[in-house]
$ cat upload24.cif   # mmCIF, C-alpha atoms
data_my_file
loop_
_atom_site.label_atom_id
_atom_site.label_comp_id
_atom_site.auth_asym_id
_atom_site.auth_seq_id
_atom_site.Cartn_x
_atom_site.Cartn_y
_atom_site.Cartn_z
CA MET A 1 -44.32 38.32 57.23
CA LEU A 2 -43.53 34.59 57.30
CA PHE A 3 -47.23 33.87 57.73
CA GLU A 4 -47.82 35.11 54.17
CA HIS A 5 -45.05 32.80 52.97
CA ALA A 6 -46.67 29.92 54.83
CA LYS A 7 -49.94 30.60 53.01
CA MET A 8 -48.16 30.16 49.68
CA LEU A 9 -46.79 26.84 50.91
CA LYS A 10 -50.32 25.88 51.97
CA VAL A 11 -51.46 26.52 48.39
CA LEU A 12 -48.93 24.03 47.04
CA ALA A 13 -49.70 21.55 49.82
CA ALA A 14 -53.38 21.71 48.82
CA VAL A 15 -52.88 21.08 45.10
CA GLY A 16 -49.59 19.17 44.93
CA GLU A 17 -48.24 20.96 41.88
CA ILE A 18 -48.95 24.08 39.84
CA VAL A 19 -47.76 24.22 36.26
CA GLY A 20 -47.02 27.74 35.07
CA ARG A 21 -46.20 31.08 36.63
CA LYS A 22 -49.23 32.68 35.00
CA LYS A 23 -51.50 29.98 36.39
CA LEU A 24 -50.11 30.46 39.90
CA GLN A 25 -50.68 34.22 39.69
CA LYS A 26 -54.26 33.78 38.48
CA MET A 27 -55.08 31.15 41.12
CA ILE A 28 -53.99 33.45 43.96
CA TYR A 29 -55.76 36.46 42.47
CA ILE A 30 -59.02 34.55 42.01
CA ALA A 31 -58.80 33.07 45.53
CA LYS A 32 -58.26 36.61 46.85
CA LYS A 33 -61.35 37.80 44.96
CA MET A 34 -63.27 34.93 46.57
CA LYS A 35 -62.43 36.61 49.92
CA PHE A 36 -59.68 34.21 50.97
CA PRO A 37 -56.97 35.95 53.03
CA PHE A 38 -54.35 36.81 50.41
CA TYR A 39 -53.02 40.35 50.66
CA GLU A 40 -50.73 40.71 47.66
CA LYS A 41 -51.35 43.82 45.56
CA PHE A 42 -52.33 43.08 41.96
CA ASP A 43 -52.18 45.37 38.94
CA PHE A 44 -53.45 44.69 35.44
CA HIS A 45 -50.70 43.55 33.07
CA PHE A 46 -50.52 41.89 29.67
CA TYR A 47 -51.80 38.51 30.93
CA GLY A 48 -54.32 40.00 33.35
CA PRO A 49 -53.93 40.62 37.09
CA TYR A 50 -50.31 40.29 38.20
CA SER A 51 -48.59 40.74 41.55
CA GLU A 52 -44.92 41.59 41.76
CA GLU A 53 -45.15 40.87 45.52
CA LEU A 54 -46.32 37.35 44.75
CA THR A 55 -43.48 36.85 42.26
CA TRP A 56 -40.95 37.90 44.92
CA ARG A 57 -42.56 35.72 47.58
CA ILE A 58 -42.41 32.64 45.34
CA GLU A 59 -38.81 33.42 44.43
CA GLU A 60 -37.90 33.73 48.12
CA LEU A 61 -39.56 30.38 48.90
CA CYS A 62 -37.60 28.76 46.09
CA ASN A 63 -34.34 30.38 47.25
CA VAL A 64 -34.71 29.01 50.79
CA GLY A 65 -35.60 25.56 49.47
CA PHE A 66 -39.27 25.44 50.55
CA LEU A 67 -40.58 25.32 46.97
CA GLN A 68 -39.08 23.60 43.99
CA GLU A 69 -39.28 25.39 40.65
CA MET A 70 -38.66 23.13 37.67
CA LYS A 71 -38.03 24.87 34.37
CA GLU A 72 -38.93 22.86 31.27
CA LYS A 73 -38.66 23.78 27.61
CA LYS A 74 -42.05 23.66 25.88
CA GLY A 75 -41.72 24.40 22.18
CA GLY A 76 -40.65 28.02 21.92
CA TYR A 77 -40.97 28.93 25.58
CA TYR A 78 -40.14 27.78 29.10
CA GLN A 79 -42.75 26.51 31.50
CA TYR A 80 -42.30 26.45 35.27
CA ARG A 81 -43.59 23.72 37.56
CA TYR A 82 -43.92 24.37 41.31
CA THR A 83 -44.01 21.79 44.09
CA LEU A 84 -43.60 21.86 47.85
CA THR A 85 -40.33 20.41 49.15
CA GLU A 86 -39.82 18.38 52.34
CA ALA A 87 -38.28 21.47 53.96
CA GLY A 88 -41.39 23.43 52.93
CA GLU A 89 -43.65 20.77 54.46
CA GLN A 90 -41.62 20.96 57.68
CA PHE A 91 -41.83 24.76 57.76
CA LEU A 92 -45.59 24.56 57.26
CA THR A 93 -46.00 22.49 60.44
CA HIS A 94 -45.17 25.62 62.47
CA TYR A 95 -48.30 27.42 61.24
CA GLN A 96 -51.98 26.80 61.90
CA LEU A 97 -53.60 27.39 58.53
CA ASP A 98 -56.99 25.76 58.70
CA MET A 99 -58.81 26.88 55.56
CA PRO A 100 -60.67 23.82 54.18
CA ASP A 101 -62.81 25.87 51.79
CA LEU A 102 -59.61 27.31 50.35
CA ASP A 103 -58.35 23.80 49.52
CA VAL A 104 -61.55 23.06 47.59
CA CYS A 105 -61.27 26.37 45.71
CA LEU A 106 -57.59 25.85 44.86
CA ARG A 107 -58.10 22.31 43.61
CA SER A 108 -60.88 23.53 41.34
CA LEU A 109 -58.73 26.39 40.03
CA ASN A 110 -55.77 24.10 39.42
CA GLU A 111 -57.95 21.86 37.22
CA GLN A 112 -58.58 24.78 34.84
CA SER A 113 -56.33 25.89 32.00
CA ALA A 114 -54.16 28.99 32.41
CA ARG A 115 -56.05 30.52 29.44
CA PHE A 116 -59.40 30.08 31.18
CA LEU A 117 -58.04 31.42 34.49
CA GLU A 118 -56.72 34.45 32.62
CA LEU A 119 -60.26 35.11 31.40
CA VAL A 120 -61.82 34.54 34.84
CA SER A 121 -59.29 36.81 36.54
CA THR A 122 -59.78 39.53 33.92
CA ILE A 123 -63.55 39.43 34.46
CA LEU A 124 -63.03 39.64 38.23
CA TYR A 125 -60.59 42.55 37.83
CA PHE A 126 -63.30 44.56 36.07
CA GLU A 127 -66.27 43.19 38.03
CA GLU A 128 -67.40 46.66 39.15
CA LEU A 129 -68.34 47.37 35.52
CA SER A 130 -71.52 46.15 33.84
CA LYS A 131 -71.39 42.75 32.15
CA ASP A 132 -71.45 44.40 28.71
CA GLU A 133 -68.57 46.70 29.68
CA VAL A 134 -66.59 43.73 31.00
CA LYS A 135 -67.16 41.87 27.72
CA GLU A 136 -65.94 44.91 25.81
CA LYS A 137 -62.80 45.03 27.99
CA VAL A 138 -62.18 41.32 27.35
CA PHE A 139 -62.67 41.68 23.59
CA THR A 140 -60.38 44.72 23.52
CA LEU A 141 -57.64 43.84 26.00
CA LYS A 142 -57.60 40.12 25.21
CA ARG A 143 -58.13 40.42 21.45
CA LYS A 144 -55.27 38.02 20.66
CA LYS A 145 -56.80 35.35 22.92
CA ARG A 146 -59.97 35.35 20.79
CA TYR A 147 -62.31 34.62 23.66
CA THR A 148 -65.88 33.87 22.57
CA GLU A 149 -69.18 34.95 24.10
CA GLU A 150 -69.66 31.32 25.20
CA GLU A 151 -66.30 31.29 27.01
CA ILE A 152 -67.17 34.53 28.78
CA GLU A 153 -70.52 33.10 29.88
CA GLU A 154 -68.75 29.94 31.06
CA ALA A 155 -66.33 32.10 33.06
CA TYR A 156 -69.22 33.95 34.73
CA ARG A 157 -70.85 30.61 35.64
CA TYR A 158 -67.54 29.36 37.03
CA ILE A 159 -67.14 32.50 39.17
CA GLU A 160 -70.61 31.96 40.61
CA GLN A 161 -69.77 28.32 41.32
CA LEU A 162 -66.60 29.35 43.14
CA ARG A 163 -68.51 31.87 45.22
CA GLU A 164 -71.06 29.24 46.18
CA GLN A 165 -68.28 26.81 47.15
CA ALA A 166 -66.66 29.49 49.29
CA TYR A 167 -70.06 30.35 50.79
CA ILE A 168 -69.75 33.86 49.43
CA LYS A 169 -72.69 35.47 47.74
CA SER A 170 -71.98 38.45 45.52
#
$ encode --input "upload24.cif" --output "structure tokens"
Amino acid sequence: MLFEHAKMLKVLAAVGEIVGRKKLQKMIYIAKKMKFPFYEKFDFHFYGPYSEELTWRIEELCNVGFLQEMKEKKGGYYQYRYTLTEAGEQFLTHYQLDMPDLDVCLRSLNEQSARFLELVSTILYFEELSKDEVKEKVFTLKRKKRYTEEEIEEAYRYIEQLREQAYIKS
């Protein structure tokens, strides 16, 4: 059980900071779809794939002082910023988590906007469908996001790039 917690700490150690709960959820989901060893169960929710397990795990890590969650007011909403604490770094030393390709993947994901990761994760959630069916799902389920054909194509190219980086061929 604690090994799964350590993996979440490894994520923060790899990227330094993640801004936004939605972004964190999408990063883990996408990494999981790239065949990295994350085992949280994800269901499709309003903002795309979401894991209640992951939410609880992050909350537990914050409660024991291994992660710091900073809440900041951004216009009409709150944004959460996550960083690894010294105690979290110390805890991480007890686990051998050698996943260099994961670090590369996570850094790339963290450079993307939460909006783009929401699109990428939605495409991956429905990847068993044809490309046209996936586009229809995006245009229907994500109507308010107003994704364009070009953004969808960019997301598909990004997914392929991630798979190549992770040495995974679809």
$ closest_residue --input "upload24.cif" --among "A:Glu69, A:Asp98, A:Glu111, A:Glu60" --to "Met27 (chain A)" --atoms "only C-alpha atoms"
A:Glu111
$ resolve_selection --input "upload24.cif" --expression "the PyMOL selection byres ((chain A and resi 118) around 12)" --output "tab-separated table (two decimals) with C-alpha atoms, in the coordinates of the input"
chain	number	residue	atom	x	y	z
A	21	ARG	CA	-46.20	31.08	36.63
A	22	LYS	CA	-49.23	32.68	35.00
A	23	LYS	CA	-51.50	29.98	36.39
A	24	LEU	CA	-50.11	30.46	39.90
A	25	GLN	CA	-50.68	34.22	39.69
A	26	LYS	CA	-54.26	33.78	38.48
A	27	MET	CA	-55.08	31.15	41.12
A	28	ILE	CA	-53.99	33.45	43.96
A	29	TYR	CA	-55.76	36.46	42.47
A	30	ILE	CA	-59.02	34.55	42.01
A	44	PHE	CA	-53.45	44.69	35.44
A	45	HIS	CA	-50.70	43.55	33.07
A	46	PHE	CA	-50.52	41.89	29.67
A	47	TYR	CA	-51.80	38.51	30.93
A	48	GLY	CA	-54.32	40.00	33.35
A	49	PRO	CA	-53.93	40.62	37.09
A	50	TYR	CA	-50.31	40.29	38.20
A	109	LEU	CA	-58.73	26.39	40.03
A	112	GLN	CA	-58.58	24.78	34.84
A	113	SER	CA	-56.33	25.89	32.00
A	114	ALA	CA	-54.16	28.99	32.41
A	115	ARG	CA	-56.05	30.52	29.44
A	116	PHE	CA	-59.40	30.08	31.18
A	117	LEU	CA	-58.04	31.42	34.49
A	119	LEU	CA	-60.26	35.11	31.40
A	120	VAL	CA	-61.82	34.54	34.84
A	121	SER	CA	-59.29	36.81	36.54
A	122	THR	CA	-59.78	39.53	33.92
A	123	ILE	CA	-63.55	39.43	34.46
A	124	LEU	CA	-63.03	39.64	38.23
A	125	TYR	CA	-60.59	42.55	37.83
A	138	VAL	CA	-62.18	41.32	27.35
A	141	LEU	CA	-57.64	43.84	26.00
A	142	LYS	CA	-57.60	40.12	25.21
A	145	LYS	CA	-56.80	35.35	22.92
A	147	TYR	CA	-62.31	34.62	23.66
A	151	GLU	CA	-66.30	31.29	27.01
A	152	ILE	CA	-67.17	34.53	28.78
A	155	ALA	CA	-66.33	32.10	33.06
$ atom_distance --input "upload24.cif" --atom1 "CA of Tyr82 (chain A)" --atom2 "CA of Asn63 (chain A)"
12.8 Å
$ resolve_selection --input "upload24.cif" --expression "the PyMOL selection byres ((chain A and resi 14) around 9)" --output "ChimeraX atom specification"
/A:9-13,15-17,102-104,106-107
$ atom_distance --input "upload24.cif" --atom1 "CA of Phe38 (chain A)" --atom2 "CA of Glu4 (chain A)"
7.7 Å
$ resolve_selection --input "upload24.cif" --expression "the PyMOL selection byres ((chain A and resi 51) around 6)" --output "PyMOL selection string"
chain A and resi 41-42+50+52-54
$ closest_residue --input "upload24.cif" --among "A:Ile58, A:Ile159, A:Leu84, A:Met34" --to "Asp101 (chain A)" --atoms "all atoms listed in the file"
A:Met34
$ atom_distance --input "upload24.cif" --atom1 "CA of Phe3 (chain A)" --atom2 "CA of Tyr39 (chain A)"
11.2 Å
$ residues_near_point --input "upload24.cif" --point "(-64.4, 28.5, 42.3)" --cutoff "7 Å" --atoms "all atoms listed in the file" --output "ChimeraX atom specification"
/A:105,108-109,158-159,161-163,165
$ closest_residue --input "upload24.cif" --among "A:Tyr156, A:Ala6, A:Glu136, A:Leu67" --to "Thr93 (chain A)" --atoms "all atoms listed in the file"
A:Ala6
$ closest_residue --input "upload24.cif" --among "A:Glu160, A:Thr55, A:Phe139, A:Met8" --to "Thr83 (chain A)" --atoms "all atoms listed in the file"
A:Met8
$ build_atoms --input "upload24.cif" --residues "region 9-36 of chain A" --atoms "N, CA and C atoms" --output "short mmCIF file (atom, residue, chain, number, x, y, z; two decimals), keeping the file's coordinate frame"
data_model
loop_
_atom_site.label_atom_id
_atom_site.label_comp_id
_atom_site.auth_asym_id
_atom_site.auth_seq_id
_atom_site.Cartn_x
_atom_site.Cartn_y
_atom_site.Cartn_z
N LEU A 9 -47.13 28.26 50.76
CA LEU A 9 -46.79 26.84 50.91
C LEU A 9 -48.06 26.01 51.06
N LYS A 10 -49.03 26.55 51.78
CA LYS A 10 -50.32 25.88 51.97
C LYS A 10 -51.01 25.67 50.62
N VAL A 11 -50.89 26.64 49.74
CA VAL A 11 -51.46 26.52 48.39
C VAL A 11 -50.89 25.30 47.69
N LEU A 12 -49.57 25.17 47.71
CA LEU A 12 -48.93 24.03 47.04
C LEU A 12 -49.24 22.72 47.76
N ALA A 13 -49.35 22.77 49.07
CA ALA A 13 -49.70 21.55 49.82
C ALA A 13 -51.11 21.09 49.43
N ALA A 14 -51.99 22.04 49.16
CA ALA A 14 -53.38 21.71 48.82
C ALA A 14 -53.51 21.08 47.44
N VAL A 15 -52.71 21.54 46.49
CA VAL A 15 -52.88 21.08 45.10
C VAL A 15 -51.79 20.13 44.62
N GLY A 16 -50.67 20.07 45.33
CA GLY A 16 -49.59 19.17 44.93
C GLY A 16 -48.60 19.79 43.97
N GLU A 17 -49.11 20.36 42.90
CA GLU A 17 -48.24 20.96 41.88
C GLU A 17 -49.03 21.99 41.09
N ILE A 18 -48.36 23.08 40.73
CA ILE A 18 -48.95 24.08 39.84
C ILE A 18 -48.00 24.23 38.67
N VAL A 19 -48.56 24.11 37.47
CA VAL A 19 -47.76 24.22 36.26
C VAL A 19 -47.99 25.58 35.63
N GLY A 20 -46.97 26.43 35.71
CA GLY A 20 -47.02 27.74 35.07
C GLY A 20 -47.08 28.90 36.05
N ARG A 21 -46.22 29.88 35.80
CA ARG A 21 -46.20 31.08 36.63
C ARG A 21 -47.50 31.86 36.48
N LYS A 22 -47.98 31.95 35.25
CA LYS A 22 -49.23 32.68 35.00
C LYS A 22 -50.38 32.02 35.75
N LYS A 23 -50.43 30.70 35.71
CA LYS A 23 -51.50 29.98 36.39
C LYS A 23 -51.45 30.23 37.90
N LEU A 24 -50.28 30.20 38.47
CA LEU A 24 -50.11 30.46 39.90
C LEU A 24 -50.61 31.85 40.25
N GLN A 25 -50.23 32.85 39.46
CA GLN A 25 -50.68 34.22 39.69
C GLN A 25 -52.20 34.31 39.65
N LYS A 26 -52.80 33.69 38.64
CA LYS A 26 -54.26 33.78 38.48
C LYS A 26 -54.97 33.04 39.60
N MET A 27 -54.45 31.89 40.03
CA MET A 27 -55.08 31.15 41.12
C MET A 27 -55.13 31.98 42.40
N ILE A 28 -54.03 32.64 42.73
CA ILE A 28 -53.99 33.45 43.96
C ILE A 28 -54.91 34.66 43.82
N TYR A 29 -54.89 35.30 42.67
CA TYR A 29 -55.76 36.46 42.47
C TYR A 29 -57.24 36.06 42.61
N ILE A 30 -57.62 34.98 41.96
CA ILE A 30 -59.02 34.55 42.01
C ILE A 30 -59.40 34.16 43.44
N ALA A 31 -58.53 33.44 44.13
CA ALA A 31 -58.80 33.07 45.53
C ALA A 31 -58.97 34.34 46.38
N LYS A 32 -58.14 35.33 46.13
CA LYS A 32 -58.26 36.61 46.85
C LYS A 32 -59.62 37.25 46.57
N LYS A 33 -60.06 37.22 45.32
CA LYS A 33 -61.35 37.80 44.96
C LYS A 33 -62.51 36.99 45.54
N MET A 34 -62.24 35.75 45.92
CA MET A 34 -63.27 34.93 46.57
C MET A 34 -63.24 35.16 48.08
N LYS A 35 -62.51 36.17 48.51
CA LYS A 35 -62.43 36.61 49.92
C LYS A 35 -61.52 35.73 50.80
N PHE A 36 -60.66 34.95 50.17
CA PHE A 36 -59.68 34.21 50.97
C PHE A 36 -58.56 35.18 51.35
#
